[in-house]
Amino acid sequence: MIDFSQPTPVILSEVRQLTPTRRELVLNMGPQHPSTHGVLRVRLTLEGETVIACDPVIGYLHRGVEKLGESHRYAQFVPWTDRTDYVAAPSNNLGYVLAVEKLCGLQAPERAQYWRMIMAELARLASHLVWLGTHALDIGALSVSLYTFRDRELILDIFEKFCGARLTTNMMEIGGFSREIPPDLPEMVREFCRYFPKAIRQYEDLLTENPIWLARTKGVGIIEPEVAINYGLTGACLRGSGVNYDVRKAMPYLLYDRVEFDVPLGTHGDVYDRYLVRIEEMRQSIRIIEQCLEQVPTDGPLMAYESQYVIPPHKNVMTTAEDMQRHFIWVIKGFSPPKGEVYHAVEHSKGELGYYIVSDGSPIPYRLRIRSPDFVNLQSLPYMAQGAMLADIVALIGTIDIVLGSVDR
Amino acid sequence: MGEHQSVPTPTVTSPWDLTGYWGPTDPEQHPAVRLVHERFPDAFREATVFRDEMTIHVDRRALRDVVAFLRTHPELRYNHLTDITAVDMLYLRERPRFDIVVQLYSIPRRQRLRVKCSVDDGETVPSLVPIFAGATWLERECYDMFGVVFEGHPDLRRILLPENWEEGHPLRKDYPLRGYRDYVQPGFDSPAPRIRGTLRRPGP
C-alpha cells in the first residue's frame, strides 16, 4: 500500500566494491532530471564513467488511458488521444479516428482527408521542432531551441486558427471535420511553407557541420539494422539504421499514395544519422503539404454525414426540434459499431502509432490498445547505452525522441 | 474469438475491405494460414477475417513455435514484432479468460498478420523474447496490466505501475475504474467522493 503522508525513500546512489581496484557505482538519473524529457528515470550502473548497465524505469506519468478508453464512448475518447503524445496531438487524433472509421467501415470525404494529411504533417513538424530544440539543448547547443520554438509558434498559430486550440487540439472527429475550414487558412499554410525551408537551413547551419555536435553525435548509439528490426523499432530510429519502413509508403492511408515524397534513410545508425533523417523528414513534410494544398478541393463536404456512425450536423441544432433531438440522442447514446477487431497504424512523428480496438457491439470499446512508438523505441536505450560514456546518455535519450505521456499512457 | 465469424457481412462494401495490407481475405488462399495449418495441424485452431485483417488462432503452448516459424519461413518472413497485448474476455465468454494478441509485420513483404492464443487465469504463455528482443517490455506491460505470466521471460516484473502495487492488474474487466481502495490525497481529511461506483456497460 502506498502511504502518501510519508516521503518515498529513494536510494540515490550506492557503491559496490567489485575488486580492490574496480568499483561499481549505481547512479539514479531522473525522474526530475531536465534532460530526460519528462519523468523518465534511468538506473545506471557505472564503472568509472563507462555505463555497464542501464535500466529505464517508466510509469511516472501513467494515467491509465487504455482503461479510460474502455469506459468512454467512441467519440468521447478523441480528446484523450491528445494527452498521450501532447507535442503532436493531431497525429494521435488521426490514428484513433482512422481505427474507429475502419471498425465502422466508413471513410471521410476527400477534402477532409487532404486536410487531415496537412494537419498530420504540420504536427510532425511541430514534434520534430520540439525534439530538435530539446535534443540540441541537452547536448549543449543552447541557441537551436530558441530558433525551433520560434518556428513552432507559427505551426501552433495554424492549429489555433483551424480549431481554436494550440496544444491539445482535439481536431479530428470520426468521419471528418465538423467545422468549416477558415477561408484564410490555406494562405497561412502556404506562407509557412514558403518560410520554413529557410528556417531548416538555419538549424543546419547551426548544427550539421558544427564540430562539437559532430563529436557528440557521430559514432554514438549505433544500432545495427538487424538489431533495430529485432527490437521492433519504428520511425526515425529504424530508418536511421537504413531499414526502409515508413507506414505512409508501405501501407498508404488517407491519400498518401497521391503525393510524392522520399523516405530518408541513414547509413550508420548513430545519433547523427537519426538527426539527419529527421531534418530531411521535415523537408519532405513541407513537400507533402505543398502538394496537398495544390490538390485539395476548395469546396465540398468535410464530414461523412450520410453514415450512421457520424455525429449529426450542428447546423440547425438551435432552430429545429428534430435536429436537436437527433444530435442529443447521438451524443448521449453514442453509436454501436459492428462486432470485430481492427488494428490501424499511422506514421507518427516518432514511429508507428497503432490503435487496436476490439468491439463487442456496444457503444464503448471492449478493448482499446495504444501501440505507442516511443514505448517500444525506448527499449533500445539499454542496448545503446552499453559501453557508452555517462555524458552520452543524454544524447541517447534525446535521439529516441520520447514523450513520456506517450510512453506511460 | 469465434463469434466474430457469425457477424453478417455488411451489405455496403467498405473501402477498408479492399486495402489488401493483410494479404488475401480468403483464409484458404492466405499463405501464412496455409503454411501454419500444414506445419502445426494440432495447434492450429481457426483463421478469422474482419475487414481485411487476418487473424490466426493457435494453441497457447505452440505460440512461440508458430511465431518463430512465421518469422523464419522464406515465404512469410514476418520479421517485425509490432505489438503484444492481451484482451480480458470476461464478459464475452466463459473460459479461457484472456486472449494474447500478437501483431506481426513483414517488412520485405509489406504485410501484417495477427496471431492469437487463449490462456486461462493461472496458465502461462511461452515468452517471445528468445525470438524478438522487442517483446521484453511489451510482455512486461502485459503482465503488469493483466497478470498473464510469460514463461521464459528473463525479467518479468511490473513496468508501468510501482513494483509494490498490491491491488492487482488494472486492465482486467473486474478491476473498478477508480481502483479498489480510496486514497486520501495529501491535504484532505477524507477520500474524494465516488460519483459512479462501477461502470455501466450498455449491453450489445
# chains A, B, ... in the order shown; residues from 1 in each chain; ligands from 1
>>> select_by_dssp(residues="range 53-142 of chain A", states="alpha helix (DSSP H)", output="PyMOL selection string")
chain A and resi 65-69+78-82+89-104+110-139+142
>>> interface_residues(of="chain B", to="chain A", cutoff="8 Å", atoms="only C-alpha atoms", output="NGL selection string")
:B and (4 or 7 or 14-16 or 21 or 50-51 or 53 or 79-83 or 85 or 87 or 92 or 107 or 110 or 132-135 or 137-138 or 159-162 or 164-166 or 170-171 or 177 or 184-186 or 199 or 201-204)
>>> write_last_selection(atoms="C-alpha atoms", output="PDB file, in the first residue's frame")
ATOM      1  CA  HIS B   4     -16.933 -12.812 -34.971  1.00  0.00           C
ATOM      2  CA  VAL B   7     -21.406 -11.435 -37.916  1.00  0.00           C
ATOM      3  CA  SER B  14     -16.496  -0.898 -47.122  1.00  0.00           C
ATOM      4  CA  PRO B  15     -13.465   0.874 -48.568  1.00  0.00           C
ATOM      5  CA  TRP B  16     -11.479  -0.728 -45.759  1.00  0.00           C
ATOM      6  CA  TYR B  21      -2.393  -4.833 -46.473  1.00  0.00           C
ATOM      7  CA  PHE B  50     -12.716  -8.917 -40.088  1.00  0.00           C
ATOM      8  CA  ARG B  51     -12.451  -6.011 -42.520  1.00  0.00           C
ATOM      9  CA  GLU B  53      -7.453  -8.290 -41.258  1.00  0.00           C
ATOM     10  CA  ASN B  79      10.286 -10.193 -39.120  1.00  0.00           C
ATOM     11  CA  HIS B  80       8.892  -7.187 -37.236  1.00  0.00           C
ATOM     12  CA  LEU B  81       7.050  -7.618 -33.951  1.00  0.00           C
ATOM     13  CA  THR B  82       4.635  -4.719 -33.809  1.00  0.00           C
ATOM     14  CA  ASP B  83       2.723  -5.383 -30.634  1.00  0.00           C
ATOM     15  CA  THR B  85      -1.192  -7.270 -25.834  1.00  0.00           C
ATOM     16  CA  VAL B  87      -7.767  -8.891 -24.079  1.00  0.00           C
ATOM     17  CA  LEU B  92     -17.579 -12.275 -23.850  1.00  0.00           C
ATOM     18  CA  ILE B 107       8.991  -5.516 -43.782  1.00  0.00           C
ATOM     19  CA  ARG B 110       4.677  -5.349 -46.583  1.00  0.00           C
ATOM     20  CA  PHE B 132      12.152 -10.864 -30.682  1.00  0.00           C
ATOM     21  CA  ALA B 133      14.101  -8.702 -28.242  1.00  0.00           C
ATOM     22  CA  GLY B 134      11.337  -6.134 -28.570  1.00  0.00           C
ATOM     23  CA  ALA B 135       8.935  -8.436 -26.764  1.00  0.00           C
ATOM     24  CA  TRP B 137       8.743  -4.593 -22.449  1.00  0.00           C
ATOM     25  CA  LEU B 138       5.555  -5.499 -24.274  1.00  0.00           C
ATOM     26  CA  ILE B 159       6.694  -1.814 -15.693  1.00  0.00           C
ATOM     27  CA  LEU B 160       4.129   0.996 -15.556  1.00  0.00           C
ATOM     28  CA  LEU B 161       2.837   0.505 -12.029  1.00  0.00           C
ATOM     29  CA  PRO B 162       5.100   0.586  -8.981  1.00  0.00           C
ATOM     30  CA  ASN B 164       4.926  -2.801  -4.727  1.00  0.00           C
ATOM     31  CA  TRP B 165       1.463  -2.390  -6.289  1.00  0.00           C
ATOM     32  CA  GLU B 166      -0.798  -4.768  -4.388  1.00  0.00           C
ATOM     33  CA  PRO B 170      -5.876  -2.801 -13.677  1.00  0.00           C
ATOM     34  CA  LEU B 171      -6.877  -3.686 -17.223  1.00  0.00           C
ATOM     35  CA  LEU B 177     -12.216   2.185 -12.889  1.00  0.00           C
ATOM     36  CA  VAL B 184      -6.775  10.278   0.815  1.00  0.00           C
ATOM     37  CA  GLN B 185      -4.971  12.954  -1.132  1.00  0.00           C
ATOM     38  CA  PRO B 186      -2.397  14.967   0.830  1.00  0.00           C
ATOM     39  CA  LEU B 199     -19.024   1.194 -14.900  1.00  0.00           C
ATOM     40  CA  ARG B 201     -21.733  -1.160 -19.704  1.00  0.00           C
ATOM     41  CA  PRO B 202     -24.667  -0.930 -22.101  1.00  0.00           C
ATOM     42  CA  GLY B 203     -25.475  -4.338 -23.469  1.00  0.00           C
ATOM     43  CA  PRO B 204     -24.888  -5.056 -27.114  1.00  0.00           C
TER      44      PRO B 204
END
>>> closest_residue(among="B:Leu90, B:Leu76, B:Ala43, B:Val125", to="Pro108 in chain B", atoms="only C-alpha atoms")
B:Leu76
>>> closest_residue(among="B:Asp52, B:Phe69, B:Ile84, B:Arg95", to="Thr136 in chain B", atoms="only C-alpha atoms")
B:Ile84
>>> closest_residue(among="A:Ile288, A:Leu185, A:Ile222, A:Cys237", to="Asp262 in chain A", atoms="only C-alpha atoms")
A:Ile288
>>> atom_distance(atom1="CA of Glu75 in chain B", atom2="CA of Gly351 in chain A")
26.5 Å
>>> residues_around(residues="Thr298 in chain A", least_positions_apart="3", cutoff="10 Å", atoms="only C-alpha atoms", output="number ranges by chain")
A: 111, 181, 183, 186, 293-295
>>> select_by_dssp(residues="chain B", states="strand (DSSP E)", output="number ranges by chain")
B: 44-50, 53-58, 80-88, 98-106, 111-119, 124-126, 149-151
>>> write_last_selection(atoms="N, CA and C atoms", output="compact mmCIF listing (two decimals), in the first residue's frame")
# COMPACT_ATOMS: atom_id res chain seq x y z
N PHE B 44 -3.14 -25.51 -34.65
CA PHE B 44 -3.96 -24.54 -35.40
C PHE B 44 -5.42 -24.66 -34.98
N ARG B 45 -6.04 -23.54 -34.60
CA ARG B 45 -7.45 -23.55 -34.22
C ARG B 45 -8.35 -23.06 -35.34
N GLU B 46 -8.19 -21.80 -35.73
CA GLU B 46 -9.03 -21.27 -36.80
C GLU B 46 -8.38 -20.00 -37.33
N ALA B 47 -8.90 -19.53 -38.45
CA ALA B 47 -8.46 -18.25 -39.02
C ALA B 47 -9.69 -17.41 -39.25
N THR B 48 -9.70 -16.19 -38.72
CA THR B 48 -10.86 -15.32 -38.87
C THR B 48 -10.45 -14.05 -39.61
N VAL B 49 -11.42 -13.45 -40.29
CA VAL B 49 -11.19 -12.24 -41.05
C VAL B 49 -12.23 -11.22 -40.62
N PHE B 50 -11.80 -10.03 -40.29
CA PHE B 50 -12.72 -8.92 -40.09
C PHE B 50 -12.13 -7.72 -40.81
N GLU B 53 -8.52 -7.86 -42.15
CA GLU B 53 -7.45 -8.29 -41.26
C GLU B 53 -7.54 -9.78 -40.97
N MET B 54 -6.43 -10.46 -41.18
CA MET B 54 -6.37 -11.90 -40.99
C MET B 54 -5.84 -12.22 -39.60
N THR B 55 -6.55 -13.05 -38.88
CA THR B 55 -6.13 -13.47 -37.54
C THR B 55 -6.02 -14.99 -37.51
N ILE B 56 -4.91 -15.48 -37.00
CA ILE B 56 -4.72 -16.92 -36.85
C ILE B 56 -4.80 -17.23 -35.37
N HIS B 57 -5.66 -18.16 -35.00
CA HIS B 57 -5.77 -18.60 -33.61
C HIS B 57 -4.99 -19.90 -33.46
N VAL B 58 -4.11 -19.93 -32.47
CA VAL B 58 -3.33 -21.14 -32.25
C VAL B 58 -3.42 -21.52 -30.78
N HIS B 80 9.03 -8.36 -38.10
CA HIS B 80 8.89 -7.19 -37.24
C HIS B 80 7.75 -7.44 -36.26
N LEU B 81 8.08 -7.44 -34.97
CA LEU B 81 7.05 -7.62 -33.95
C LEU B 81 6.48 -6.24 -33.64
N THR B 82 5.23 -6.03 -34.03
CA THR B 82 4.64 -4.72 -33.81
C THR B 82 4.13 -4.58 -32.38
N ASP B 83 3.40 -5.58 -31.91
CA ASP B 83 2.72 -5.38 -30.63
C ASP B 83 2.39 -6.73 -30.01
N ILE B 84 2.43 -6.75 -28.68
CA ILE B 84 1.87 -7.88 -27.93
C ILE B 84 0.92 -7.27 -26.92
N THR B 85 -0.28 -7.75 -26.86
CA THR B 85 -1.19 -7.27 -25.83
C THR B 85 -2.15 -8.39 -25.48
N ALA B 86 -3.03 -8.12 -24.54
CA ALA B 86 -4.00 -9.13 -24.14
C ALA B 86 -5.39 -8.49 -24.13
N VAL B 87 -6.38 -9.33 -24.20
CA VAL B 87 -7.77 -8.89 -24.08
C VAL B 87 -8.41 -9.75 -23.00
N ASP B 88 -9.03 -9.10 -22.01
CA ASP B 88 -9.73 -9.84 -20.97
C ASP B 88 -11.12 -10.18 -21.52
N PHE B 98 -8.26 -15.02 -21.04
CA PHE B 98 -7.56 -13.99 -21.80
C PHE B 98 -7.28 -14.44 -23.23
N ASP B 99 -7.19 -13.45 -24.11
CA ASP B 99 -6.64 -13.66 -25.44
C ASP B 99 -5.32 -12.91 -25.51
N ILE B 100 -4.26 -13.57 -25.91
CA ILE B 100 -3.00 -12.89 -26.15
C ILE B 100 -2.95 -12.56 -27.63
N VAL B 101 -2.71 -11.30 -27.94
CA VAL B 101 -2.77 -10.83 -29.32
C VAL B 101 -1.37 -10.39 -29.74
N VAL B 102 -0.85 -10.99 -30.77
CA VAL B 102 0.49 -10.67 -31.28
C VAL B 102 0.31 -10.11 -32.69
N GLN B 103 0.77 -8.89 -32.87
CA GLN B 103 0.69 -8.27 -34.21
C GLN B 103 2.06 -8.39 -34.85
N LEU B 104 2.08 -8.97 -36.04
CA LEU B 104 3.34 -9.13 -36.76
C LEU B 104 3.30 -8.33 -38.04
N TYR B 105 4.47 -7.99 -38.52
CA TYR B 105 4.57 -7.26 -39.77
C TYR B 105 5.78 -7.77 -40.52
N SER B 106 5.63 -7.89 -41.82
CA SER B 106 6.73 -8.35 -42.65
C SER B 106 7.25 -7.15 -43.43
N GLN B 111 3.32 -6.83 -45.29
CA GLN B 111 2.06 -7.48 -44.94
C GLN B 111 1.98 -7.67 -43.44
N ARG B 112 0.78 -7.49 -42.92
CA ARG B 112 0.56 -7.69 -41.49
C ARG B 112 -0.10 -9.02 -41.25
N LEU B 113 -0.01 -9.46 -39.99
CA LEU B 113 -0.70 -10.68 -39.59
C LEU B 113 -0.92 -10.61 -38.08
N ARG B 114 -2.03 -11.15 -37.63
CA ARG B 114 -2.29 -11.17 -36.20
C ARG B 114 -2.38 -12.62 -35.76
N VAL B 115 -1.66 -12.94 -34.69
CA VAL B 115 -1.69 -14.30 -34.14
C VAL B 115 -2.27 -14.20 -32.73
N LYS B 116 -3.20 -15.08 -32.44
CA LYS B 116 -3.86 -15.03 -31.15
C LYS B 116 -3.78 -16.38 -30.48
N CYS B 117 -3.74 -16.36 -29.15
CA CYS B 117 -3.92 -17.60 -28.42
C CYS B 117 -4.71 -17.30 -27.16
N SER B 118 -5.42 -18.28 -26.68
CA SER B 118 -6.24 -18.10 -25.49
C SER B 118 -5.54 -18.71 -24.30
N VAL B 119 -5.64 -18.03 -23.17
CA VAL B 119 -4.98 -18.52 -21.96
C VAL B 119 -5.90 -18.24 -20.78
N THR B 124 0.23 -20.28 -18.26
CA THR B 124 1.32 -19.45 -18.77
C THR B 124 1.38 -19.52 -20.29
N VAL B 125 2.02 -18.50 -20.85
CA VAL B 125 2.21 -18.43 -22.29
C VAL B 125 3.72 -18.45 -22.52
N PRO B 126 4.20 -19.17 -23.53
CA PRO B 126 5.64 -19.09 -23.81
C PRO B 126 6.03 -17.68 -24.25
N VAL B 149 1.25 -14.54 -17.15
CA VAL B 149 2.65 -14.88 -16.91
C VAL B 149 3.25 -15.44 -18.20
N PHE B 150 4.37 -14.88 -18.61
CA PHE B 150 5.07 -15.35 -19.80
C PHE B 150 6.23 -16.23 -19.37
N GLU B 151 6.14 -17.48 -19.75
CA GLU B 151 7.13 -18.46 -19.32
C GLU B 151 8.41 -18.26 -20.11
>>> decode(residues="range 54-80 of chain B", atoms="N, CA and C atoms", output="mmCIF file, in the first residue's frame")
data_model
loop_
_atom_site.group_PDB
_atom_site.id
_atom_site.type_symbol
_atom_site.label_atom_id
_atom_site.label_comp_id
_atom_site.auth_asym_id
_atom_site.auth_seq_id
_atom_site.Cartn_x
_atom_site.Cartn_y
_atom_site.Cartn_z
ATOM 1 N N MET B 54 -6.425 -10.460 -41.184
ATOM 2 C CA MET B 54 -6.371 -11.904 -40.991
ATOM 3 C C MET B 54 -5.836 -12.221 -39.597
ATOM 4 N N THR B 55 -6.554 -13.053 -38.877
ATOM 5 C CA THR B 55 -6.134 -13.470 -37.541
ATOM 6 C C THR B 55 -6.024 -14.986 -37.515
ATOM 7 N N ILE B 56 -4.906 -15.480 -37.004
ATOM 8 C CA ILE B 56 -4.723 -16.924 -36.852
ATOM 9 C C ILE B 56 -4.798 -17.234 -35.366
ATOM 10 N N HIS B 57 -5.658 -18.164 -34.999
ATOM 11 C CA HIS B 57 -5.770 -18.595 -33.611
ATOM 12 C C HIS B 57 -4.994 -19.901 -33.460
ATOM 13 N N VAL B 58 -4.113 -19.930 -32.472
ATOM 14 C CA VAL B 58 -3.328 -21.141 -32.246
ATOM 15 C C VAL B 58 -3.415 -21.524 -30.780
ATOM 16 N N ASP B 59 -2.931 -22.717 -30.493
ATOM 17 C CA ASP B 59 -2.870 -23.166 -29.113
ATOM 18 C C ASP B 59 -1.781 -22.390 -28.389
ATOM 19 N N ARG B 60 -2.016 -22.123 -27.092
ATOM 20 C CA ARG B 60 -1.059 -21.271 -26.375
ATOM 21 C C ARG B 60 0.319 -21.902 -26.263
ATOM 22 N N ARG B 61 0.379 -23.252 -26.152
ATOM 23 C CA ARG B 61 1.670 -23.909 -25.978
ATOM 24 C C ARG B 61 2.535 -23.798 -27.219
ATOM 25 N N ALA B 62 1.895 -23.580 -28.379
ATOM 26 C CA ALA B 62 2.645 -23.544 -29.632
ATOM 27 C C ALA B 62 2.935 -22.125 -30.096
ATOM 28 N N LEU B 63 2.580 -21.117 -29.270
ATOM 29 C CA LEU B 63 2.677 -19.731 -29.747
ATOM 30 C C LEU B 63 4.092 -19.382 -30.195
ATOM 31 N N ARG B 64 5.078 -19.758 -29.361
ATOM 32 C CA ARG B 64 6.444 -19.368 -29.708
ATOM 33 C C ARG B 64 6.911 -20.068 -30.982
ATOM 34 N N ASP B 65 6.557 -21.343 -31.123
ATOM 35 C CA ASP B 65 6.973 -22.062 -32.325
ATOM 36 C C ASP B 65 6.315 -21.477 -33.565
ATOM 37 N N VAL B 66 5.038 -21.113 -33.449
ATOM 38 C CA VAL B 66 4.344 -20.565 -34.611
ATOM 39 C C VAL B 66 4.960 -19.239 -35.013
ATOM 40 N N VAL B 67 5.238 -18.380 -34.018
ATOM 41 C CA VAL B 67 5.810 -17.068 -34.348
ATOM 42 C C VAL B 67 7.214 -17.237 -34.922
ATOM 43 N N ALA B 68 7.995 -18.177 -34.374
ATOM 44 C CA ALA B 68 9.334 -18.412 -34.927
ATOM 45 C C ALA B 68 9.242 -18.937 -36.356
ATOM 46 N N PHE B 69 8.254 -19.795 -36.599
ATOM 47 C CA PHE B 69 8.052 -20.318 -37.958
ATOM 48 C C PHE B 69 7.671 -19.187 -38.908
ATOM 49 N N LEU B 70 6.741 -18.314 -38.462
ATOM 50 C CA LEU B 70 6.318 -17.201 -39.304
ATOM 51 C C LEU B 70 7.473 -16.256 -39.587
ATOM 52 N N ARG B 71 8.385 -16.166 -38.635
ATOM 53 C CA ARG B 71 9.494 -15.247 -38.839
ATOM 54 C C ARG B 71 10.515 -15.803 -39.817
ATOM 55 N N THR B 72 10.802 -17.108 -39.726
ATOM 56 C CA THR B 72 11.927 -17.635 -40.483
ATOM 57 C C THR B 72 11.531 -18.230 -41.826
ATOM 58 N N HIS B 73 10.274 -18.595 -42.021
ATOM 59 C CA HIS B 73 9.902 -19.243 -43.275
ATOM 60 C C HIS B 73 10.152 -18.292 -44.456
ATOM 61 N N PRO B 74 10.856 -18.768 -45.488
ATOM 62 C CA PRO B 74 11.224 -17.840 -46.578
ATOM 63 C C PRO B 74 10.031 -17.267 -47.331
ATOM 64 N N GLU B 75 8.889 -17.941 -47.295
ATOM 65 C CA GLU B 75 7.725 -17.380 -47.991
ATOM 66 C C GLU B 75 6.991 -16.353 -47.147
ATOM 67 N N LEU B 76 7.242 -16.349 -45.846
ATOM 68 C CA LEU B 76 6.443 -15.490 -44.953
ATOM 69 C C LEU B 76 7.258 -14.308 -44.419
ATOM 70 N N ARG B 77 8.338 -14.584 -43.698
ATOM 71 C CA ARG B 77 9.264 -13.564 -43.205
ATOM 72 C C ARG B 77 8.561 -12.438 -42.451
ATOM 73 N N TYR B 78 7.743 -12.792 -41.472
ATOM 74 C CA TYR B 78 7.168 -11.754 -40.599
ATOM 75 C C TYR B 78 8.228 -11.387 -39.563
ATOM 76 N N ASN B 79 9.085 -10.416 -39.927
ATOM 77 C CA ASN B 79 10.286 -10.193 -39.120
ATOM 78 C C ASN B 79 10.155 -9.032 -38.148
ATOM 79 N N HIS B 80 9.027 -8.360 -38.100
ATOM 80 C CA HIS B 80 8.892 -7.187 -37.236
ATOM 81 C C HIS B 80 7.754 -7.442 -36.259
#
